[in-house]
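Contents: one structure, followed by commentary.
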Amino acid sequence: SRSCHQFWPLSLYPIWESSNPDLTQCFQNTVLVWVPCIYLWLLAPFYCLHLYCHDRGRIQMSCLCSSKMVLGFLLASFGFVEFFYILLERSQEIHQHMVFLLSPIIRSMTVILALCIIQLERMRGCRSSVFLFLFWVLAVVCSLVPLRAKIQLAMDERFTAKTTVSLVFNLLQNPCPVKDASFLSKILFWWFTGLVVKGYRTPLAAEDLWTLRKEDTSQQILSELHQDWTAECAKIQKQEKALASGVALGSRLPDQAQLLRKLQKEQSSGFFLLRALARKFGPYFLTGTLCIILHDCFMFAIPQVLSLLLAFMRDEDAPLWKGYFYATLMFLLSCLQSLFNHQYMYTCFTVGMRVKTAVMGLVYRKSLVINSAARRTCTVGEIVNLVSADTQKLMDFVVYFNAVWLAPIEIVLCLFFLWQHLGPSALAGIATVILIFPLNGFIAKKRSKLQVTIQMKFMDGRIRLMNEILNGIKILKFYAWEKAFLEQVLGYREKELEALKKSQILYSISIISFAMFGVYVMLDDRNVLDAQKVFVSMALINILKTPLSQLPFAISTSMQAMVSLRRLGKYLCSEELKVDNVSKSPLSSGCSPFSDVVIDNGTFSWSADGPPCLKRINIHVPRGSLVAVVGHVGSGKSSLLSAMLGETEKRSGRVVVKGSVAYVPQQAWIQNATVQDNVIFGREKLKTWYHRVLEACALLPDLDILPAGDATEIGEKGLNLSGGQKQRVSLARAVYRTADVYLLDDPLSAVDAHVGQHIFDKVIGPKGVLRDKTRILVTHGMSFLPQADLILVMVDGAITESGSYQELLSRHGAFADFIHTFASTDGFFITLTFGSSTFSRGDTNNSNLQNMEPMSEADQEQVPEDLGKLTVVDKARTGRVKLEMYKKYFKTISLAIIIPIVFLYAFQQGASLTYNYWLSMWADDPVVNGTQLDTDLKLTVFGALGFAQGIAIFGTTVAISLCGIIASRHLHMDLLNNVLHSPMSFFECTPSGNLLNRFAKEIDAIDCMVPDGLKMMLSYVFKLMEVCIIVMMATPFAAVIILPLAFLYAFVQSFYVATSCQLRRLEAVSRSPIYTHFNETVQGAGVIRAFGEQSRFILQANKRVDCNQTSYFPRFVATRWLAVNLEFVGNVVVLAAAILSVIGKNTLSPGIVGLAVSHSLQVTGILSWIVRSWTDVENNIVSVERVSEYGETAKEASWSIEGSSLPLAWPQRGTIEFQDYGLQYRKGLELALKGITLHIHEKEKVGIVGRTGAGKSSLALGIFRILEAAKGKIFVDGINIEDIGLHDLRSRITIIPQDPVLFSGSLRMNLDPFDTYTDEEVWSSLELAHLKNFVSNLPDKLNHECSEGGENLSLGQRQLVCLARALLRKTKILVLDEATAAVDLETDTLIQSTIRTQFEDCTVLTIAHRLNTIMDYTRVIVMDRGHISEMDSPANLIAQRGQFYRMCREAGLV
């Protein structure tokens, strides 16, 4: 109600009836304000007259009366404030409501009138006034209505649902106390004390930590930054386009120019990233910079005050109070200096933390949109490294950046003051500095090159290889290849340590130069050295040491940060998937003739400049139809689906997809979560629909076997599920989604024939749950083709034929010939590739489903609610680090090296003490004829002592660095051995993120942080001893102060270390899930995009990063809290030394006073460094603890047995005998195989069949001893396999596993990592595996680089590589585990014939998926619930009409 037209509510009825009654604004601002005013103004003249007539004498002014007056004036002033507010803020609206402007003025004038009446009453002796009482009552009553209205308005505006949520949230959460802390508490960090005390009493847990402040959360930081960065990226692309258009069309740039342009792009992308970060975090960072400038001002004031104090000591007539004044002034300046320094550090670390959050968020978001060409250039390991190592480098950069420009200024100022004190002889010092600079610059550059290019390169390589080893550990165990990969990892490690060693030695050289610097300053014998000159100069030199030591470090940190920025910029600017690859449109309502998927004249490739993978594609898929895509291995079937998803580069044509999409990839991507979470995939759980989906996808029988049903946690990448189960969970995820278009990439290849038929009928087929949806199915299964509405035949990336099944047959083309050839052989349609069985427990090469706990807990009875838990969360240990860890660390170095190091330190500090004492004696020497005596001798001794000190410093630094390298080499070796010797069950319940974290971050800490911490701690501890000795020599009475302070120190230190260590552990533990999640997302990015779940995954990533920062924030505040409080204690030492010197003025010489005070000035710095380095060591020793953890977990049997008498050619015959064999996945669980007794003769071909969970694969796991026998024995050629080393056993028998795993490296390395076979043998195995043509057409032939996980080969080709491995090993026993799941019918027939001919004289065990492949075997074993239920030749079993007969009937074989 802006105007006052609606002055009075026309009728009170609506207000009376309203649930929220209110008077109009105008009424409130006029009538309600004016009523009390009119009352007072009208009656005031009469009341004044009344008072005038009745004078009762004057009343004295009392407190009550004064307060009334003050409050009254405040009330009046509010009215005027309101008047000006309306005048300035609401000037446009004033003409509409002048009333609102008048009311506050009237009210204020009335209050002033009331105050005048109060004074008049006092003068006339009136003690209580009914007149004024009525006025105040009236005023209060009239104000209640507007007050209520204003409260209501505030409630409506602010307290929306959001506020209520945040209120509740704040009550539930544990908000950070810094927000409500007082100014003093903020600058002294006292707000942190509560947490320290809590941590000292009981070890901190994650729930004790404060929630992040809003401005530190990922959501807050990334919401603005992401837009900024997107804008920056657009600029870079604009530049690129401008450059590209500048080059004449058709002309190619020479290679050098291309390389130059690529480098320029990386450089500029790094700069753009820095600019975006600076824009976001710069202003806050500048407040910190201001603090460090003030800190420098106080730091340079201290030597000037010291100079005055020493002048006072020399002047015998000076009054004592001046001495006390100078002493106190020094104390105050020291305190202010430390306060500003720590405010600066706090700001830097806060900015560093936010930068880390920002970069992690940007990298994560990028990994969800990066295109496949760019994705192939960086492995998962490298992306994890961007998030771990490179963000750390940026955080260091934030802390040391200011030193790059401040240090030179500090150095210049120091030299200027030295010149003032020492005159021309300071030139010697300046010359030294000028010499030191280029030397240190050169050394910093060398170190940076060593660290960045060499050490980081090898570390990247090592982490990448470890990531692959962890992903393919099952294959390594089956083939006994651990040693080959161990050698590769150690090769990287040695090169990495070599670079580290060189870098550390260079660092030691740069330190010498400063130690010797002190020597030169005094080298001019024309000058008389007195205490004032010596010790003020000494104080300045001590100040100078800091910037000189910081500068090379700051420069090298900045260099490393620039490299990291370039790496990050390059990744963040890499090509993204184009949004216009596919035009998506909503599902238009109407009848079915609409096409849901359209590709017109499409040509697609995997990268912008690569060859096309699909050519001339024209498809129109009508709504609700079922389209089957068939073709040979590598013909482009999966690429076609990728094109529909927009994952490939569209060269020409158009792609339209209507409605939502669900996608089932060829290799199932499974999250490390429960079965239910994997199926629901972020949607709400609808119970009946969920149950229906599980039933249709044949998952209900599997859930009965799983320990906790659908609440069972699945290991990373679906480790504890069989191939068939993974594929069905992946299918269930798509079906549950109820999308409009379904893209199914061969989901039936990994399941049993009868299960495949079930899924087709219940899900995909014309009567399945998806019957009304548009389905595009890539398949090798012939039996489904007659039911497809449209069949697309693909050859070499083009569609050669399309039409319905009958149409294609009647055309008599290649498809028809193919069908007739394979159909006529058996007179029925072969169920082409119903690959791998769907077995849960004991399914395909996988040792588990039931071994869901780490082995160490196997003996305890399991608690029911833990049944489904599999992965062991990275746990934080509690309490202080045990002494054993230090012992373990030093033991790896050996005592023989440690003792000399301690002596070296003692020698260095002894030299330093003598050097300083020598100076003080020299300063006290009397001056004779303007010079001092024996200057040459003094100089010689002085120089020699300085030189000795320099050499000792060099020795200690090198020695400690080398010791650190020895220790880290040992610890890494132990960790690697422990991990590779662990049984399969260990990898199933340990997330790879935990293990990678150990190999990356923890080993990095042991490499660099622990030796650096020890180096600093030892040098400062000895330095502190030197200072204490000097101060006590000067003033023995100081001991009275120093000793209690030492106890106080120790007390505060113990308080702090307990908390700090626990925070470090919590931070390390919360870091692993970030990497695990990153790893998972990068691998499943295609699926996440297809389902449109990016925002949910981004939220999850934010949550994990925030969780990590929750423990990182208190970690760095703890250091500040400690340092501020301890430096005050240190400053008391300065005060004590100065005041005691003033008291003993008459007995002490200026030389000794100068020595004591200038050394006591260093105490604060020394103390804070001791604690910091001590804590660093203690914090990083936690890494030794975490790396050693895996030494205590269960290990598998030894790889080889010493003195074993196993014949070289064993097994010669290949007989296998099971004697009452039983196997269980974990103690306490029922047996997976029960009392198997079985004899397999040499050269026999045995097929093993059975329903899900019958125990087929358990037999294979038993033969390879992936699981050890619970009872009974297995004999191979009469030798009990328990008596043989695991490698001896596994290398003499061969398995072709279900999941074809390749490692990054050459194709040859993948076939023969030990280089035991000749090239001819390798080529012949490739020929037999039908890969020779493919490999000989590759540019690098056998040296063709396989990408991580073999992603640059199709799944079928990978399967053939696994077959080639087996053909190369050619052992007497071969186990086939659903080996041909991903190949087409023709290739499969070739493979089967190869196996029959090449392994004719071998014993072959086939875990059968397609029964037609084992119909000519000598024997078939039918497994059921861990027993052998039937065993005979296939013909006999069919005749018996038992279980095998029923399975054959289901598969259409009888």
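Naming scheme: A, B, ... for chains in displayed order of the structure tokens; residues 1 onward per chain; ligands 1 onward as shown.
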Quick one: residues within 9 Å of stretch 357-373 of chain A, only C-alpha atoms, excluding same-chain residues fewer than 3 positions away - as a VMD selection string?
chain A and resid 216 to 218 221 to 222 225 to 226 229 277 352 to 354 376 to 377 383 386 to 388 391 568 571 to 578 606 to 608 610 647 to 649 1078 1081 to 1082 1085 to 1086 1088 to 1089 1094 1098 1101 to 1102 1105 to 1106 1109
Could you pull the residues within 9 Å of A:Leu1411, counting only C-alpha atoms, minus those fewer than 6 positions along the same chain, as a PyMOL selection string?
chain A and resi 753+1247+1249+1447-1448+1451+1453
Applying 10 Å and only C-alpha atoms, which residues near A:Gly1442 remain after dropping the ones on its own chain fewer than 3 positions away? List them as a ChimeraX atom specification.
/A:1422,1429-1430,1437-1439,1445-1447
For A:Ile1279, please output as a PyMOL selection string all residues within 12 Å (counting only C-alpha atoms; exclusion window: fewer than 3 positions along the same chain).
chain A and resi 1204-1207+1210-1218+1273-1276+1282-1284+1289
Closest contacts (stretch 1003-1084 of chain A/stretch 701-724 of chain A, max 10 Å, only C-alpha atoms) as a Markdown table:
```
| residue | atom | partner | partner_atom | distance |
| --- | --- | --- | --- | --- |
| A:Thr1076 | CA | A:Glu716 | CA | 8.7 |
| A:Asn1079 | CA | A:Glu716 | CA | 9.9 |
| A:Glu1080 | CA | A:Lys717 | CA | 7.8 |
| A:Gln1083 | CA | A:Lys717 | CA | 9.2 |
| A:Gly1084 | CA | A:Lys717 | CA | 9.7 |
```
Write out as a count of residues only the residues lying within 9 Å of A:Thr1406, counting only C-alpha atoms and excluding same-chain residues fewer than 3 positions away.
13
Mind checking DSSP for stretch 25-225 of chain A and telling me the alpha helix (DSSP H) residues as a PyMOL selection string?
chain A and resi 25-29+31-53+63-89+98-123+130-158+161-172+183-188+193-201+218-225
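In this structure, atom CA of A:Ser1158 sits 29.2 Å away from atom CA of A:Phe401.
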Need the shell around A:Glu1067: protein/DNA/RNA residues with any atom at most 12 Å away, counting only C-alpha atoms. Skip same-chain ones fewer than 5 positions apart. Format as a VMD selection string?
chain A and resid 204 to 206 209 874 to 877 1001 1060 to 1062 1072 to 1074 1104 to 1116 1179 1182 to 1183
Write out, as a tab-separated table (two decimals), in the first residue's frame, the residues just selected, with N, CA, C and O atoms.
```tsv
chain	number	residue	atom	x	y	z
A	204	LEU	N	40.46	-37.57	18.70
A	204	LEU	CA	39.39	-36.95	17.92
A	204	LEU	C	38.80	-37.93	16.92
A	204	LEU	O	39.51	-38.75	16.35
A	205	ALA	N	37.50	-37.82	16.70
A	205	ALA	CA	36.86	-38.60	15.64
A	205	ALA	C	36.25	-37.61	14.65
A	205	ALA	O	36.13	-36.42	14.95
A	206	ALA	N	35.85	-38.11	13.49
A	206	ALA	CA	35.34	-37.22	12.42
A	206	ALA	C	34.16	-36.37	12.91
A	206	ALA	O	34.03	-35.21	12.55
A	209	LEU	N	34.69	-32.84	14.59
A	209	LEU	CA	35.19	-31.70	13.82
A	209	LEU	C	34.05	-30.76	13.46
A	209	LEU	O	32.91	-31.17	13.32
A	874	ASP	N	38.97	-47.13	4.86
A	874	ASP	CA	40.27	-46.71	5.39
A	874	ASP	C	40.04	-46.15	6.79
A	874	ASP	O	39.35	-45.16	6.94
A	875	LYS	N	40.61	-46.81	7.80
A	875	LYS	CA	40.33	-46.35	9.17
A	875	LYS	C	41.48	-45.50	9.67
A	875	LYS	O	42.62	-45.72	9.34
A	876	ALA	N	41.15	-44.54	10.54
A	876	ALA	CA	42.21	-43.74	11.15
A	876	ALA	C	42.59	-44.40	12.47
A	876	ALA	O	41.73	-44.74	13.26
A	877	ARG	N	43.89	-44.59	12.68
A	877	ARG	CA	44.30	-45.07	14.00
A	877	ARG	C	44.16	-43.92	14.97
A	877	ARG	O	44.01	-42.78	14.57
A	1001	LYS	N	50.53	-40.61	-2.23
A	1001	LYS	CA	50.69	-39.56	-1.24
A	1001	LYS	C	51.61	-39.99	-0.09
A	1001	LYS	O	52.49	-39.26	0.33
A	1060	SER	N	47.04	-32.76	16.67
A	1060	SER	CA	47.52	-32.58	15.30
A	1060	SER	C	47.67	-33.92	14.58
A	1060	SER	O	47.29	-34.06	13.42
A	1061	CYS	N	48.23	-34.90	15.29
A	1061	CYS	CA	48.43	-36.22	14.67
A	1061	CYS	C	47.10	-36.84	14.26
A	1061	CYS	O	46.97	-37.41	13.18
A	1062	GLN	N	46.14	-36.72	15.16
A	1062	GLN	CA	44.84	-37.32	14.88
A	1062	GLN	C	44.18	-36.62	13.69
A	1062	GLN	O	43.57	-37.26	12.85
A	1072	SER	N	41.24	-40.79	0.79
A	1072	SER	CA	41.09	-41.99	-0.06
A	1072	SER	C	39.77	-42.03	-0.83
A	1072	SER	O	39.77	-42.29	-2.02
A	1073	PRO	N	38.62	-41.79	-0.16
A	1073	PRO	CA	37.35	-41.86	-0.90
A	1073	PRO	C	37.29	-40.90	-2.08
A	1073	PRO	O	36.64	-41.19	-3.07
A	1074	ILE	N	38.00	-39.76	-2.00
A	1074	ILE	CA	37.99	-38.82	-3.13
A	1074	ILE	C	38.59	-39.51	-4.34
A	1074	ILE	O	38.03	-39.50	-5.43
A	1104	ARG	N	32.51	-35.38	-0.79
A	1104	ARG	CA	33.74	-36.06	-0.37
A	1104	ARG	C	34.88	-35.06	-0.18
A	1104	ARG	O	35.68	-35.18	0.75
A	1105	VAL	N	34.96	-34.07	-1.08
A	1105	VAL	CA	36.02	-33.06	-0.94
A	1105	VAL	C	35.79	-32.24	0.34
A	1105	VAL	O	36.71	-32.00	1.11
A	1106	ASP	N	34.52	-31.86	0.58
A	1106	ASP	CA	34.21	-31.09	1.79
A	1106	ASP	C	34.54	-31.87	3.04
A	1106	ASP	O	35.04	-31.33	4.03
A	1107	CYS	N	34.26	-33.16	2.99
A	1107	CYS	CA	34.54	-34.02	4.15
A	1107	CYS	C	36.04	-34.01	4.44
A	1107	CYS	O	36.48	-33.93	5.59
A	1108	ASN	N	36.84	-34.03	3.37
A	1108	ASN	CA	38.29	-34.00	3.53
A	1108	ASN	C	38.75	-32.65	4.09
A	1108	ASN	O	39.58	-32.58	4.99
A	1109	GLN	N	38.16	-31.56	3.57
A	1109	GLN	CA	38.57	-30.22	4.02
A	1109	GLN	C	38.15	-29.97	5.47
A	1109	GLN	O	38.77	-29.17	6.17
A	1110	THR	N	37.10	-30.67	5.92
A	1110	THR	CA	36.65	-30.51	7.31
A	1110	THR	C	37.77	-30.86	8.27
A	1110	THR	O	37.92	-30.25	9.32
A	1111	SER	N	38.60	-31.86	7.92
A	1111	SER	CA	39.71	-32.20	8.83
A	1111	SER	C	40.99	-31.46	8.44
A	1111	SER	O	41.91	-31.35	9.24
A	1112	TYR	N	41.05	-30.93	7.21
A	1112	TYR	CA	42.26	-30.19	6.81
A	1112	TYR	C	42.28	-28.80	7.47
A	1112	TYR	O	43.31	-28.35	7.93
A	1113	PHE	N	41.12	-28.16	7.54
A	1113	PHE	CA	41.04	-26.80	8.11
A	1113	PHE	C	41.56	-26.75	9.56
A	1113	PHE	O	42.48	-26.00	9.87
A	1114	PRO	N	41.01	-27.60	10.47
A	1114	PRO	CA	41.56	-27.53	11.84
A	1114	PRO	C	43.03	-27.92	11.89
A	1114	PRO	O	43.76	-27.50	12.77
A	1115	ARG	N	43.50	-28.69	10.90
A	1115	ARG	CA	44.90	-29.12	10.92
A	1115	ARG	C	45.84	-27.93	10.81
A	1115	ARG	O	46.81	-27.81	11.54
A	1116	PHE	N	45.54	-27.02	9.88
A	1116	PHE	CA	46.49	-25.90	9.75
A	1116	PHE	C	46.22	-24.82	10.80
A	1116	PHE	O	47.13	-24.09	11.20
A	1179	ASN	N	53.61	-36.09	12.11
A	1179	ASN	CA	52.50	-36.22	11.17
A	1179	ASN	C	52.86	-37.11	10.00
A	1179	ASN	O	52.05	-37.89	9.53
A	1182	VAL	N	53.22	-40.84	10.38
A	1182	VAL	CA	51.94	-41.55	10.21
A	1182	VAL	C	51.95	-42.28	8.86
A	1182	VAL	O	51.41	-43.36	8.72
A	1183	SER	N	52.63	-41.67	7.86
A	1183	SER	CA	52.73	-42.33	6.55
A	1183	SER	C	53.47	-43.66	6.67
A	1183	SER	O	53.10	-44.63	6.02
```
Residues at most 6 Å from A:Tyr344, counting only C-alpha atoms, excluding those fewer than 4 positions away in the same chain, as number ranges by chain?
A: 288, 291-292
Could you give me the residues within stretch 1238-1302 of chain A that DSSP places in strand (DSSP E or B), as an NGL selection string?
:A and (1238-1240 or 1245-1250 or 1269-1276 or 1279-1280 or 1294-1296)
Okay, now the selection with C-alpha atoms, as a PDB file, in the first residue's frame?
```
ATOM      1  CA  LEU A1238      36.913 -86.866  -9.241  1.00  0.00           C
ATOM      2  CA  HIS A1239      39.639 -88.216 -11.545  1.00  0.00           C
ATOM      3  CA  ILE A1240      40.384 -86.497 -14.856  1.00  0.00           C
ATOM      4  CA  LYS A1245      38.187 -82.881 -22.467  1.00  0.00           C
ATOM      5  CA  VAL A1246      35.769 -82.149 -19.616  1.00  0.00           C
ATOM      6  CA  GLY A1247      32.886 -79.677 -19.685  1.00  0.00           C
ATOM      7  CA  ILE A1248      31.570 -78.289 -16.394  1.00  0.00           C
ATOM      8  CA  VAL A1249      27.984 -77.027 -16.381  1.00  0.00           C
ATOM      9  CA  GLY A1250      25.442 -76.036 -13.769  1.00  0.00           C
ATOM     10  CA  ALA A1269      41.299 -76.121   0.288  1.00  0.00           C
ATOM     11  CA  ALA A1270      39.101 -76.361   3.381  1.00  0.00           C
ATOM     12  CA  LYS A1271      39.447 -80.154   3.298  1.00  0.00           C
ATOM     13  CA  GLY A1272      40.761 -82.833   0.947  1.00  0.00           C
ATOM     14  CA  LYS A1273      43.496 -82.580  -1.678  1.00  0.00           C
ATOM     15  CA  ILE A1274      44.055 -81.988  -5.377  1.00  0.00           C
ATOM     16  CA  PHE A1275      46.760 -83.983  -7.182  1.00  0.00           C
ATOM     17  CA  VAL A1276      48.134 -82.944 -10.562  1.00  0.00           C
ATOM     18  CA  ILE A1279      51.811 -84.342  -6.933  1.00  0.00           C
ATOM     19  CA  ASN A1280      49.754 -82.655  -4.184  1.00  0.00           C
ATOM     20  CA  THR A1294      46.861 -72.030 -18.104  1.00  0.00           C
ATOM     21  CA  ILE A1295      43.510 -70.320 -17.858  1.00  0.00           C
ATOM     22  CA  ILE A1296      41.696 -68.194 -20.406  1.00  0.00           C
TER      23      ILE A1296
END
```
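Atom to atom, atom CA of A:Pro203 and atom CA of A:Ser1054 stand 13.1 Å apart.
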